[in-house]
file upload.txt (compact mmCIF, C-alpha atoms)
# COMPACT_ATOMS: atom_id res chain seq x y z
CA MET A 1 -26.00 -25.66 190.72
CA ILE A 2 -28.67 -23.23 189.96
CA LEU A 3 -26.09 -20.57 189.80
CA GLN A 4 -24.09 -22.55 187.38
CA LEU A 5 -27.08 -23.16 185.22
CA GLN A 6 -27.91 -19.49 185.19
CA GLN A 7 -24.39 -18.58 184.18
CA GLN A 8 -24.44 -21.13 181.40
CA ASP A 9 -27.78 -19.81 180.28
CA GLU A 10 -26.42 -16.29 180.14
CA LYS A 11 -23.42 -17.41 178.14
CA GLN A 12 -25.61 -19.20 175.64
CA ARG A 13 -27.94 -16.25 175.20
CA PRO A 14 -26.61 -13.75 172.70
CA GLU A 15 -26.22 -10.30 173.96
CA PRO A 16 -29.35 -8.32 173.14
CA LEU A 17 -27.57 -4.99 172.93
CA PRO A 18 -25.56 -5.53 169.71
CA MET A 19 -28.61 -6.99 167.98
CA LYS A 20 -30.75 -4.04 168.95
CA GLU A 21 -28.10 -1.62 167.68
CA LYS A 22 -28.01 -3.42 164.32
CA TYR A 23 -31.78 -3.25 164.14
CA ASN A 24 -31.81 0.48 164.99
CA LYS A 25 -29.08 1.22 162.44
CA SER A 26 -30.93 -0.73 159.79
CA GLN A 27 -34.16 1.03 160.64
CA LEU A 28 -32.41 4.41 160.51
CA ARG A 29 -30.90 3.63 157.10
CA LEU A 30 -34.30 2.53 155.80
CA ARG A 31 -35.91 5.75 157.06
CA GLU A 32 -33.20 7.86 155.38
CA LYS A 33 -33.60 5.90 152.17
CA LYS A 34 -37.37 6.39 152.36
CA LYS A 35 -36.93 10.16 152.86
CA ARG A 36 -34.47 10.34 149.97
CA LEU A 37 -36.81 8.38 147.70
CA GLU A 38 -39.78 10.54 148.71
CA ALA A 39 -37.72 13.68 147.94
CA GLU A 40 -36.76 12.25 144.55
CA LEU A 41 -40.39 11.40 143.87
CA LYS A 42 -41.50 14.92 144.82
CA GLU A 43 -38.78 16.39 142.61
CA MET A 44 -39.89 14.18 139.71
CA LYS A 45 -43.52 15.20 140.23
CA ASP A 46 -42.55 18.88 140.35
CA SER A 47 -40.44 18.45 137.23
CA GLU A 48 -43.31 16.68 135.43
CA GLN A 49 -45.71 19.40 136.56
CA ALA A 50 -43.40 22.12 135.25
CA LYS A 51 -42.96 20.24 131.99
CA ARG A 52 -46.72 19.77 131.67
CA SER A 53 -47.28 23.44 132.48
CA SER A 54 -44.75 24.46 129.84
CA GLU A 55 -46.35 22.15 127.28
CA GLN A 56 -49.80 23.48 128.18
CA GLN A 57 -48.57 27.03 127.67
CA MET A 58 -47.14 26.07 124.26
CA VAL A 59 -50.47 24.49 123.30
CA GLU A 60 -52.36 27.63 124.36
CA GLU A 61 -49.98 29.83 122.35
CA ALA A 62 -50.42 27.57 119.31
CA LYS A 63 -54.21 27.73 119.68
CA ALA A 64 -54.11 31.54 119.92
CA HIS A 65 -51.91 31.70 116.81
CA LEU A 66 -54.29 29.35 114.99
CA ARG A 67 -57.28 31.53 115.92
CA ALA A 68 -55.45 34.63 114.63
CA VAL A 69 -54.54 32.90 111.36
CA GLU A 70 -58.10 31.64 110.90
CA LYS A 71 -59.46 35.13 111.55
CA GLN A 72 -57.04 36.55 108.97
CA ARG A 73 -57.98 33.82 106.47
CA TYR A 74 -61.66 34.60 106.99
CA ALA A 75 -61.01 38.33 106.38
CA PHE A 76 -59.04 37.51 103.20
CA GLN A 77 -61.83 35.21 102.05
CA GLU A 78 -64.45 37.92 102.62
CA ASN A 79 -62.28 40.44 100.78
CA SER A 80 -61.75 38.01 97.91
CA GLN A 81 -65.49 37.42 97.60
CA GLN A 82 -66.14 41.18 97.57
CA VAL A 83 -63.50 41.69 94.86
CA THR A 84 -65.00 38.84 92.82
CA ARG A 85 -68.50 40.36 93.07
CA THR A 86 -67.15 43.77 92.07
CA LEU A 87 -65.22 42.28 89.15
CA ASN A 88 -68.34 40.45 87.96
CA ALA A 89 -70.37 43.67 88.16
CA VAL A 90 -67.72 45.57 86.19
CA THR A 91 -67.60 42.80 83.57
CA ILE A 92 -71.38 42.90 83.17
CA GLY A 93 -71.29 46.71 82.91
CA VAL A 94 -68.54 46.70 80.28
CA LYS A 95 -70.38 44.08 78.21
CA HIS A 96 -73.60 46.09 78.46
CA LEU A 97 -71.77 49.26 77.39
CA SER A 98 -70.23 47.37 74.49
CA ASN A 99 -73.67 46.16 73.39
CA MET A 100 -75.06 49.70 73.64
CA LEU A 101 -72.26 51.01 71.42
CA ASP A 102 -72.38 48.08 69.01
CA HIS A 103 -74.06 50.16 66.30
CA ILE A 104 -71.07 52.55 66.13
CA LYS A 105 -68.40 51.43 63.72
CA GLN A 106 -64.79 51.35 64.84
CA PRO A 107 -62.50 54.03 63.40
CA LYS A 108 -60.30 52.84 60.56
CA SER A 109 -57.22 53.55 62.64
CA TYR A 110 -58.32 51.08 65.33
CA VAL A 111 -56.33 47.87 65.25
CA PRO A 112 -57.68 45.16 67.58
CA ASP A 113 -55.30 43.17 69.71
CA ALA A 114 -54.80 39.47 69.14
CA PRO A 115 -58.03 37.46 69.46
CA VAL A 116 -58.86 36.61 73.06
CA PRO A 117 -61.24 34.02 74.46
CA PRO A 118 -64.65 35.40 75.45
CA SER A 119 -65.38 35.95 79.15
CA SER A 120 -61.70 36.32 79.97
CA GLU A 121 -60.17 39.34 81.65
CA GLU A 122 -58.46 40.22 78.38
CA ASP A 123 -61.84 40.11 76.59
CA VAL A 124 -63.31 42.58 79.09
CA HIS A 125 -60.27 44.80 78.66
CA GLU A 126 -60.63 44.63 74.86
CA LEU A 127 -64.36 45.45 75.05
CA LEU A 128 -63.60 48.42 77.28
CA SER A 129 -60.90 49.65 74.88
CA GLN A 130 -63.34 49.39 71.98
CA ALA A 131 -66.02 51.24 73.95
CA VAL A 132 -63.58 54.06 74.73
CA GLN A 133 -62.63 54.32 71.05
CA LYS A 134 -66.30 54.41 70.02
CA VAL A 135 -67.18 57.07 72.61
CA LEU A 136 -64.23 59.19 71.48
CA LEU A 137 -65.39 58.79 67.88
CA MET A 138 -68.93 59.76 68.87
CA ILE A 139 -67.64 62.86 70.71
CA GLU A 140 -65.69 63.87 67.59
CA GLU A 141 -68.79 63.48 65.44
CA LEU A 142 -70.96 65.49 67.83
CA LYS A 143 -68.52 68.41 68.07
CA GLY A 144 -70.00 71.47 66.46
CA ARG A 145 -73.51 70.00 66.30
CA ASP A 146 -76.36 71.59 68.13
CA LEU A 147 -77.45 68.97 70.65
CA GLY A 148 -80.80 70.68 71.11
CA ASP A 149 -81.68 69.86 67.50
CA HIS A 150 -80.49 66.31 68.04
CA GLN A 151 -82.70 65.95 71.13
CA LYS A 152 -85.74 67.34 69.26
CA LYS A 153 -85.11 64.93 66.38
CA LYS A 154 -84.87 62.03 68.81
CA LYS A 155 -88.16 62.98 70.52
CA ARG A 156 -89.96 63.22 67.16
CA THR A 157 -88.63 59.81 66.17
CA VAL A 158 -89.77 58.27 69.44
CA ALA A 159 -93.22 59.93 69.13
CA ARG A 160 -93.60 58.66 65.56
CA MET A 161 -92.67 55.15 66.60
CA THR A 162 -95.13 55.11 69.45
CA ARG A 163 -97.98 56.25 67.16
CA LYS A 164 -97.30 53.36 64.82
CA TYR A 165 -97.89 50.82 67.53
call {"tool": "encode", "arguments": {"input": "upload.txt", "output": "C-alpha cells"}}
result
Amino acid sequence: MILQLQQQDEKQRPEPLPMKEKYNKSQLRLREKKKRLEAELKEMKDSEQAKRSSEQQMVEEAKAHLRAVEKQRYAFQENSQQVTRTLNAVTIGVKHLSNMLDHIKQPKSYVPDAPVPPSSEEDVHELLSQAVQKVLLMIEELKGRDLGDHQKKKKRTVARMTRKY
C-alpha cells in the first residue's frame, strides 16, 4: 500500500525537469534582452555624446567667429573715430584759413557754387576753394614786388602801433 501511495504521489507530482527547462529558457531570454537593451542604451549614450560634442564644437566655432567680428568692429570703430577727429581738425583749419584771408577780395572771375549750408562738407570744400583762389590772387599781386621792402613796411607798421598803446 505504501508503494501504491508513492506511485500515485509521483504521478500527481509534475515532472520538475520540464518546468526547470522553461525557467532556464525564460531566464536566458531575459538575460539576452537585458544585454541587447544595455547595448542599445550605450549606443544611444554614445550617439548623444557625439551629438553634444559636435554641437559644442559648433558653439565654440561660433564664439570664435563672434570674437573675430567684434575685434574687427572695434578696429573699424577706432579708425572711424580717428578719421572723424582728423576731419574736424581739417575743418577747423580751413575755417581759420578762410578767416585769415577774409580781407582779400575774390577775383572778378570767381563764380561761387550754389549756396551750401554752413558746417557741411560742401561748405568746407567751398571755403577751401575760396582760400586757394585768394592765395593765388595774392601770389599774382606779389610777383615782381620786393618782399624785403614789404617786410620792412610791416615791421614799421607794427612798431608804430605798439607805440600808440
call {"tool": "atom_distance", "arguments": {"input": "upload.txt", "atom1": "atom CA of Gln106 of chain A", "atom2": "atom CA of Lys153 of chain A"}}
result
24.5 Å
call {"tool": "residues_around", "arguments": {"input": "upload.txt", "residues": "Met138 of chain A", "least_positions_apart": "5", "cutoff": "9 Å", "atoms": "all atoms listed in the file", "output": "MDAnalysis selection string"}}
result
chainID A and resid 104 133 143
call {"tool": "closest_residue", "arguments": {"input": "upload.txt", "among": "A:Gln77, A:Ser98, A:Gln82, A:Gln151", "to": "Val135 of chain A", "atoms": "all atoms listed in the file"}}
result
A:Ser98
call {"tool": "residues_around", "arguments": {"input": "upload.txt", "residues": "Ile92 of chain A", "least_positions_apart": "5", "cutoff": "12 Å", "atoms": "all atoms listed in the file", "output": "VMD selection string"}}
result
chain A and resid 85 to 87 97 to 99 119 121 123 to 124 127 to 128
call {"tool": "write_last_selection", "arguments": {"input": "upload.txt", "atoms": "C-alpha atoms", "output": "tab-separated table (two decimals), keeping the file's coordinate frame"}}
result
chain	number	residue	atom	x	y	z
A	85	ARG	CA	-68.50	40.36	93.07
A	86	THR	CA	-67.15	43.77	92.07
A	87	LEU	CA	-65.22	42.28	89.15
A	97	LEU	CA	-71.77	49.26	77.39
A	98	SER	CA	-70.23	47.37	74.49
A	99	ASN	CA	-73.67	46.16	73.39
A	119	SER	CA	-65.38	35.95	79.15
A	121	GLU	CA	-60.17	39.34	81.65
A	123	ASP	CA	-61.84	40.11	76.59
A	124	VAL	CA	-63.31	42.58	79.09
A	127	LEU	CA	-64.36	45.45	75.05
A	128	LEU	CA	-63.60	48.42	77.28
call {"tool": "atom_distance", "arguments": {"input": "upload.txt", "atom1": "atom CA of Asp146 of chain A", "atom2": "atom CA of Ala131 of chain A"}}
result
23.6 Å
call {"tool": "atom_distance", "arguments": {"input": "upload.txt", "atom1": "atom CA of Lys134 of chain A", "atom2": "atom CA of Gly93 of chain A"}}
result
15.8 Å
